[in-house]
Every structure is written in structure tokens, then in C-alpha cells.
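Structure, as C-alpha cells:
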Amino acid sequence: MLIFKKVADLQSHIAKQKKAGLSIGFVPTMGALHHGHLSLVQRSKHQTNSTVCSIFVNPTQFNDIKDLEKYPRTTEADIALLSSVDCDILFLPPVEEIYPPGLDTSLDLDFSVMAAVMEGEFRPGHFDGMAQVVNRLLEIVLPDQLFMGQKDFQQMSIVRSMLNQLKKPIKLVSCPIIREENGLAMSSRNRRLSAETKANAGVIFETLGLVKEKVDKMSVEELIAFGLKRLRQDPFEAEYVAICDGFTLQEVKNIEDHDFVVVFTAVWVEKVRLIDNLVLKGKTYLNIN
Ligand code: AMP
């Protein structure tokens, strides 16, 4: 695996690969890698000729400076994991390569409801920062295909909207959520949990599964109340349970009126914020752009 830290070096390597007719797959991450990330790399390896994974903890998408400071950084282990799945290129830039002084990387896009609900409501500015860094990375890597996880469903929806608004000729490939044995969605943040809480955190996916089982028997309001009650038991404290249209992310009133419906949650435990979602109705994968 080749490792690049400088934009110019990466770009000149990719330019040669493109000239040789190779297609480029891209997996942007913030590191502290786990099998969820590796599944994206493997999918990219399967679908493209050369896979670039980036590790960059993007300061502009953290609305809480303590969260940024506490974000796990495990570069040596990440390099070993990426090598184990034969990732072709790792891009590991310092902040000044992504945001060099004088370069305007800001974006003026309209994500309307999509960026205002759920994560957008509870993490102000998060999606502007996320879109800014993904766009900057896409301009550097110029991939043919971009691989993202449904674990961050809202993020993926916003990136899809960004690609459409900017008319970028990049295929967005949405990849399924990889989970621990107890159902907990794999996340870099899970390493901040105690072993006991990690074992008990299966309750999040279990609750989403129960909501799905009850879809025909309860109203949307009742389903949300049921989910909140179950996910607000000490030490878990749900921030929200939301049932939304999978295309627009608008909250739904009646599930029957929509073809694609997803339940979302964010849950605090041991000062760690965990997110998860489950498709209640319709497509399980969102490869539609
Ligand atoms: P992050 O490093 O958390 O910014 O995630 C980088 C990419 O990996 C994003 O596209 C995530 O959606 C994806 N990802 C993170 N966790 C998982 C998971 N458990 N299963 C599948 N994809 C994931």
C-alpha cells in the first residue's frame, strides 16, 4: 500500500493511474478503523481498479471541541488493517494540506430539510463541515466511485444531494451497516465504551428491530414513544428516535403513504453518542443516484 501525505504527490500518482485507464474508488474515513470501514474498502476493491482510503479527522465538522480532542486516533493499527485488505493507497493528510491558508473550500449548497433534522438539529454546523471536506477530498482524488456506509444514512443522503447539485460524475455506492455480534453498529466511538456497556448496547439495534416488528400494529407516534421509552433506560439516554422518508428524510406521519421509510436514533451512553438506523419499509440499499 502506498501512503501519501501531500495532495500534490497523491494527485500525480492518481493522474498516472487514470491515464493508464484504471478506475478509482474512494473511501473517506476519520480513522480508528474497524470492519465497517474495511467492508467499504473491500467493496471498492471489487468494483474499481484502484482504491484510495483517506484518514482525516476533519475539524470543521465537530461542533464540540472536546469531541474532536477525544476522537480516537490509531494510525499504526489503521495502516495494518488497510494493508490486510490490500487497500492500494492511503491518503493521510495533515490539516494544512486540506485547508491551506488562502484556499476557499466553503460551499454554498441547499440541503433544506435533509440537513435540518436529526443529526443536523443536534449537531449544528456538522453537515456543512462534512460536505466541505468531502467535496475538497473529491476534488483531490477525482474518483469514479465513492463508497459510504448506511450507518451514517443522513450523511450519505446529503452527499448524494451534493453530488447532484454540483453535477459531479461520481457514482455513490451505499454499503450496508456492519454490526457486532450483539447488533451494535460498529463505530470508532465504540472503543470509548466500557466492556459492560458495549455488551448491553445491543439494546439499540434490538429496539430498532422491535419498532420494525410493530410497524403494522402501531401509529408512527406510538412507535417513536415505544423506541424512546426503551432507549431511555439508565445508562442509555436517547436523544431522538425519528421515523423518516428514506429519500427526503422528512418525518413521516403515516408509513403507508411512503415507499421507503427508515427509523433513526442517536443514543448517549458513558458520554459517547451512538447513532444507528434500520430500514422499516422499502429498499434496503440506496444505490440510486
Ligand atoms: P467515519 O470514519 O466514522 O467517518 O466513517 C467513514 C465511512 O465508514 C462512512 O461512510 C461511514 O458510514 C462508514 N462506516 C462507519 N461505520 C460503519 C459500519 N458499522 N458499517 C458500514 N459502514 C460504516
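Within each chain, counting starts at residue 1; across the C-alpha cells, chains are named A, B, ... in the order shown, with ligands numbered 1 upward in that order.
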All residues having an atom within 8 Å of ligand 1 (only C-alpha atoms and all ligand atoms) as a ChimeraX atom specification: /A:27-37,39-40,55,147-153,155-156,175-179,185-188
Near-A:Ile158 list (8 Å; only C-alpha atoms; drop same-chain fewer than 2 positions) as a ChimeraX atom specification: /A:111,114-115,127,131,154-156,160-162
Those same residues, written as a short mmCIF file (atom, residue, chain, number, x, y, z; two decimals), in the first residue's frame with all heavy atoms?
```cif
data_model
loop_
_atom_site.label_atom_id
_atom_site.label_comp_id
_atom_site.auth_asym_id
_atom_site.auth_seq_id
_atom_site.Cartn_x
_atom_site.Cartn_y
_atom_site.Cartn_z
N PHE A 111 -29.39 22.08 1.38
CA PHE A 111 -29.82 20.71 1.69
C PHE A 111 -31.20 20.70 2.35
O PHE A 111 -31.69 19.64 2.73
CB PHE A 111 -28.80 20.03 2.61
CG PHE A 111 -27.42 19.93 2.01
CD1 PHE A 111 -26.34 20.57 2.60
CD2 PHE A 111 -27.22 19.22 0.85
CE1 PHE A 111 -25.08 20.47 2.04
CE2 PHE A 111 -25.96 19.12 0.29
CZ PHE A 111 -24.89 19.76 0.89
N MET A 114 -33.18 18.03 4.76
CA MET A 114 -32.24 16.94 4.93
C MET A 114 -31.13 17.23 5.97
O MET A 114 -30.69 16.34 6.68
CB MET A 114 -31.58 16.70 3.58
CG MET A 114 -31.45 15.27 3.23
SD MET A 114 -30.82 15.17 1.58
CE MET A 114 -32.13 14.22 0.86
N ALA A 115 -30.70 18.49 6.01
CA ALA A 115 -29.62 18.82 6.94
C ALA A 115 -30.14 19.46 8.22
O ALA A 115 -29.37 19.76 9.13
CB ALA A 115 -28.63 19.76 6.27
N PHE A 127 -23.06 19.16 9.23
CA PHE A 127 -23.14 18.74 7.83
C PHE A 127 -22.48 19.73 6.87
O PHE A 127 -22.01 19.33 5.81
CB PHE A 127 -24.60 18.48 7.43
CG PHE A 127 -25.11 17.18 7.99
CD1 PHE A 127 -26.28 17.14 8.74
CD2 PHE A 127 -24.41 16.00 7.80
CE1 PHE A 127 -26.74 15.95 9.27
CE2 PHE A 127 -24.85 14.79 8.34
CZ PHE A 127 -26.03 14.78 9.07
N ALA A 131 -19.80 18.25 4.36
CA ALA A 131 -19.90 18.44 2.90
C ALA A 131 -18.64 19.15 2.38
O ALA A 131 -18.10 18.80 1.32
CB ALA A 131 -21.15 19.26 2.56
N GLN A 154 -27.88 9.72 7.04
CA GLN A 154 -28.18 11.13 6.75
C GLN A 154 -27.00 11.77 6.03
O GLN A 154 -27.18 12.54 5.07
CB GLN A 154 -28.51 11.87 8.05
CG GLN A 154 -29.11 13.23 7.84
CD GLN A 154 -29.54 13.89 9.14
OE1 GLN A 154 -29.28 13.35 10.23
NE2 GLN A 154 -30.19 15.04 9.04
N GLN A 155 -25.80 11.44 6.48
CA GLN A 155 -24.59 11.95 5.83
C GLN A 155 -24.56 11.53 4.36
O GLN A 155 -24.28 12.33 3.46
CB GLN A 155 -23.37 11.39 6.56
CG GLN A 155 -22.07 11.47 5.81
CD GLN A 155 -20.89 11.03 6.68
OE1 GLN A 155 -20.51 11.73 7.61
NE2 GLN A 155 -20.34 9.87 6.41
N MET A 156 -24.89 10.25 4.12
CA MET A 156 -24.87 9.73 2.75
C MET A 156 -25.92 10.44 1.88
O MET A 156 -25.67 10.77 0.72
CB MET A 156 -25.18 8.25 2.82
CG MET A 156 -24.70 7.45 1.68
SD MET A 156 -25.15 5.74 2.00
CE MET A 156 -26.90 5.90 2.19
N ARG A 160 -25.20 12.60 -1.41
CA ARG A 160 -25.89 12.35 -2.69
C ARG A 160 -26.44 13.65 -3.26
O ARG A 160 -26.29 13.95 -4.45
CB ARG A 160 -27.01 11.33 -2.49
CG ARG A 160 -27.87 11.16 -3.74
CD ARG A 160 -28.88 10.05 -3.63
NE ARG A 160 -28.22 8.77 -3.51
CZ ARG A 160 -28.13 8.08 -2.40
NH1 ARG A 160 -28.69 8.55 -1.29
NH2 ARG A 160 -27.49 6.94 -2.37
N SER A 161 -27.08 14.43 -2.38
CA SER A 161 -27.64 15.71 -2.82
C SER A 161 -26.52 16.64 -3.31
O SER A 161 -26.66 17.34 -4.33
CB SER A 161 -28.41 16.34 -1.65
OG SER A 161 -28.69 17.67 -1.90
N MET A 162 -25.40 16.64 -2.61
CA MET A 162 -24.26 17.49 -3.02
C MET A 162 -23.76 17.08 -4.41
O MET A 162 -23.52 17.94 -5.28
CB MET A 162 -23.13 17.36 -2.00
CG MET A 162 -21.91 18.18 -2.33
SD MET A 162 -20.61 18.00 -1.09
CE MET A 162 -19.79 16.54 -1.68
#
```
All alpha helix (DSSP H) residues (DSSP, backbone) inside stretch 33-282 of chain A, as a PyMOL selection string: chain A and resi 35-47+65-70+75-84+95-98+112-116+119-122+126-141+153-165+195-200+202-213+220-230
Create the file for the chosen residues now, containing C-alpha atoms and written as an mmCIF file, in the first residue's frame.
```cif
data_model
loop_
_atom_site.group_PDB
_atom_site.id
_atom_site.type_symbol
_atom_site.label_atom_id
_atom_site.label_comp_id
_atom_site.auth_asym_id
_atom_site.auth_seq_id
_atom_site.Cartn_x
_atom_site.Cartn_y
_atom_site.Cartn_z
ATOM 1 C CA HIS A 35 -14.581 -3.895 9.955
ATOM 2 C CA GLY A 36 -17.287 -1.447 8.862
ATOM 3 C CA HIS A 37 -14.648 0.704 7.178
ATOM 4 C CA LEU A 38 -12.885 -2.346 5.764
ATOM 5 C CA SER A 39 -16.131 -3.561 4.175
ATOM 6 C CA LEU A 40 -16.189 -0.309 2.175
ATOM 7 C CA VAL A 41 -12.583 -0.825 1.055
ATOM 8 C CA GLN A 42 -13.373 -4.398 0.034
ATOM 9 C CA ARG A 43 -16.420 -3.273 -1.939
ATOM 10 C CA SER A 44 -14.303 -0.652 -3.689
ATOM 11 C CA LYS A 45 -11.598 -3.222 -4.456
ATOM 12 C CA HIS A 46 -14.305 -5.388 -6.009
ATOM 13 C CA GLN A 47 -15.800 -2.633 -8.168
ATOM 14 C CA ILE A 65 -14.158 20.794 20.566
ATOM 15 C CA LYS A 66 -13.967 18.134 23.329
ATOM 16 C CA ASP A 67 -15.438 15.568 20.938
ATOM 17 C CA LEU A 68 -12.734 16.465 18.392
ATOM 18 C CA GLU A 69 -9.985 16.128 21.002
ATOM 19 C CA LYS A 70 -11.353 12.810 22.264
ATOM 20 C CA THR A 75 -2.799 5.422 12.765
ATOM 21 C CA GLU A 76 -0.406 2.456 13.083
ATOM 22 C CA ALA A 77 -3.235 -0.035 13.612
ATOM 23 C CA ASP A 78 -5.198 1.587 10.750
ATOM 24 C CA ILE A 79 -2.283 1.108 8.360
ATOM 25 C CA ALA A 80 -2.047 -2.580 9.335
ATOM 26 C CA LEU A 81 -5.799 -3.093 8.812
ATOM 27 C CA LEU A 82 -5.820 -1.378 5.420
ATOM 28 C CA SER A 83 -2.805 -3.438 4.319
ATOM 29 C CA SER A 84 -4.605 -6.621 5.421
ATOM 30 C CA VAL A 95 -4.806 19.756 8.266
ATOM 31 C CA GLU A 96 -2.816 22.327 6.256
ATOM 32 C CA GLU A 97 -2.936 20.133 3.133
ATOM 33 C CA ILE A 98 -6.736 20.034 3.222
ATOM 34 C CA SER A 112 -33.113 22.054 3.158
ATOM 35 C CA VAL A 113 -34.873 19.585 5.489
ATOM 36 C CA MET A 114 -32.235 16.936 4.931
ATOM 37 C CA ALA A 115 -29.616 18.823 6.942
ATOM 38 C CA ALA A 116 -32.028 20.366 9.459
ATOM 39 C CA GLU A 119 -28.050 15.000 13.333
ATOM 40 C CA GLY A 120 -28.471 18.459 11.760
ATOM 41 C CA GLU A 121 -30.660 19.587 14.646
ATOM 42 C CA PHE A 122 -28.465 18.192 17.416
ATOM 43 C CA HIS A 126 -21.868 19.368 11.348
ATOM 44 C CA PHE A 127 -23.145 18.736 7.831
ATOM 45 C CA ASP A 128 -21.709 21.957 6.383
ATOM 46 C CA GLY A 129 -18.286 20.860 7.630
ATOM 47 C CA MET A 130 -18.823 17.314 6.401
ATOM 48 C CA ALA A 131 -19.898 18.442 2.896
ATOM 49 C CA GLN A 132 -16.968 20.871 2.773
ATOM 50 C CA VAL A 133 -14.379 18.166 3.495
ATOM 51 C CA VAL A 134 -15.966 15.519 1.272
ATOM 52 C CA ASN A 135 -16.066 17.983 -1.616
ATOM 53 C CA ARG A 136 -12.448 19.007 -1.022
ATOM 54 C CA LEU A 137 -11.364 15.343 -0.905
ATOM 55 C CA LEU A 138 -13.357 14.542 -4.067
ATOM 56 C CA GLU A 139 -11.658 17.417 -5.883
ATOM 57 C CA ILE A 140 -8.288 15.997 -4.869
ATOM 58 C CA VAL A 141 -8.957 12.308 -5.579
ATOM 59 C CA PHE A 153 -27.524 7.400 6.449
ATOM 60 C CA GLN A 154 -28.183 11.127 6.747
ATOM 61 C CA GLN A 155 -24.589 11.951 5.825
ATOM 62 C CA MET A 156 -24.871 9.733 2.746
ATOM 63 C CA SER A 157 -28.147 11.391 1.724
ATOM 64 C CA ILE A 158 -26.535 14.826 1.979
ATOM 65 C CA VAL A 159 -23.517 13.714 -0.045
ATOM 66 C CA ARG A 160 -25.886 12.348 -2.687
ATOM 67 C CA SER A 161 -27.636 15.710 -2.817
ATOM 68 C CA MET A 162 -24.264 17.488 -3.017
ATOM 69 C CA LEU A 163 -23.126 15.301 -5.932
ATOM 70 C CA ASN A 164 -26.379 16.058 -7.742
ATOM 71 C CA GLN A 165 -26.256 19.802 -7.063
ATOM 72 C CA ALA A 195 -16.900 -3.698 28.061
ATOM 73 C CA GLU A 196 -20.120 -3.948 30.055
ATOM 74 C CA THR A 197 -21.824 -1.097 28.235
ATOM 75 C CA LYS A 198 -20.652 -2.364 24.863
ATOM 76 C CA ALA A 199 -22.253 -5.717 25.677
ATOM 77 C CA ASN A 200 -25.504 -4.018 26.727
ATOM 78 C CA GLY A 202 -27.149 -4.324 21.645
ATOM 79 C CA VAL A 203 -30.363 -2.802 23.034
ATOM 80 C CA ILE A 204 -30.157 -0.083 20.351
ATOM 81 C CA PHE A 205 -30.422 -2.403 17.355
ATOM 82 C CA GLU A 206 -32.794 -4.689 19.243
ATOM 83 C CA THR A 207 -35.133 -1.719 19.785
ATOM 84 C CA LEU A 208 -34.996 -0.673 16.135
ATOM 85 C CA GLY A 209 -35.845 -4.300 15.246
ATOM 86 C CA LEU A 210 -38.826 -4.259 17.641
ATOM 87 C CA VAL A 211 -40.033 -0.984 16.085
ATOM 88 C CA LYS A 212 -39.916 -2.727 12.705
ATOM 89 C CA GLU A 213 -41.894 -5.690 14.065
ATOM 90 C CA VAL A 220 -45.780 6.476 13.996
ATOM 91 C CA GLU A 221 -46.260 8.412 17.243
ATOM 92 C CA GLU A 222 -46.671 5.212 19.236
ATOM 93 C CA LEU A 223 -43.641 3.632 17.574
ATOM 94 C CA ILE A 224 -41.487 6.638 18.478
ATOM 95 C CA ALA A 225 -42.768 6.656 22.073
ATOM 96 C CA PHE A 226 -42.059 2.918 22.316
ATOM 97 C CA GLY A 227 -38.500 3.383 20.978
ATOM 98 C CA LEU A 228 -37.761 6.350 23.247
ATOM 99 C CA LYS A 229 -39.015 4.548 26.349
ATOM 100 C CA ARG A 230 -36.813 1.537 25.639
#
```
Residues near stretch 262-277 of chain A, cut-off 7 Å, only C-alpha atoms, skip fewer than 4 positions along chain, as a ChimeraX atom specification: /A:151,185,189,193,208,235-246,281
Mind dumping the selected residues with N, CA and C atoms as a compact mmCIF listing (two decimals), in the first residue's frame?
```
# COMPACT_ATOMS: atom_id res chain seq x y z
N LYS A 151 -24.60 3.31 7.79
CA LYS A 151 -24.54 3.64 9.23
C LYS A 151 -24.78 5.14 9.39
N ALA A 185 -23.99 -1.37 16.04
CA ALA A 185 -23.34 -0.94 14.79
C ALA A 185 -21.88 -0.61 15.09
N ARG A 189 -16.30 5.21 17.71
CA ARG A 189 -16.61 5.70 19.07
C ARG A 189 -16.84 4.56 20.05
N LEU A 193 -16.33 2.95 24.97
CA LEU A 193 -17.31 2.33 25.88
C LEU A 193 -16.64 1.27 26.76
N LEU A 208 -34.61 -1.02 17.51
CA LEU A 208 -35.00 -0.67 16.14
C LEU A 208 -35.71 -1.86 15.48
N PRO A 235 -28.12 3.04 31.68
CA PRO A 235 -27.40 4.29 31.45
C PRO A 235 -27.65 4.89 30.05
N PHE A 236 -28.61 4.35 29.29
CA PHE A 236 -28.83 4.84 27.92
C PHE A 236 -29.78 6.03 27.92
N GLU A 237 -29.49 7.02 27.12
CA GLU A 237 -30.34 8.21 27.05
C GLU A 237 -30.50 8.62 25.58
N ALA A 238 -31.60 8.17 24.97
CA ALA A 238 -31.81 8.50 23.56
C ALA A 238 -32.00 10.00 23.39
N GLU A 239 -31.34 10.57 22.37
CA GLU A 239 -31.54 11.99 22.06
C GLU A 239 -32.79 12.12 21.19
N TYR A 240 -32.91 11.23 20.22
CA TYR A 240 -34.12 11.19 19.40
C TYR A 240 -34.34 9.79 18.85
N VAL A 241 -35.62 9.51 18.56
CA VAL A 241 -35.97 8.38 17.69
C VAL A 241 -36.83 9.04 16.63
N ALA A 242 -36.49 8.87 15.36
CA ALA A 242 -37.24 9.54 14.29
C ALA A 242 -37.58 8.52 13.20
N ILE A 243 -38.75 8.69 12.63
CA ILE A 243 -39.16 7.81 11.53
C ILE A 243 -39.35 8.70 10.30
N CYS A 244 -38.51 8.49 9.30
CA CYS A 244 -38.44 9.44 8.19
C CYS A 244 -38.53 8.75 6.84
N ASP A 245 -38.92 9.54 5.84
CA ASP A 245 -38.88 9.07 4.46
C ASP A 245 -37.41 8.86 4.08
N GLY A 246 -37.10 7.70 3.52
CA GLY A 246 -35.70 7.37 3.22
C GLY A 246 -35.11 8.20 2.09
N LYS A 281 -39.26 -0.02 5.74
CA LYS A 281 -40.08 -0.35 4.58
C LYS A 281 -39.34 0.07 3.32
```
Å distance separating atom CA of A:Val57 from atom CA of A:Leu90, one decimal place: 14.1 Å
Interatomic distance (Å, one decimal) between atom CA of A:Gly183 and atom CA of A:Thr248: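 Straight-line distance from atom CA of A:Gly183 to atom CA of A:Thr248 works out to 26.4 Å.
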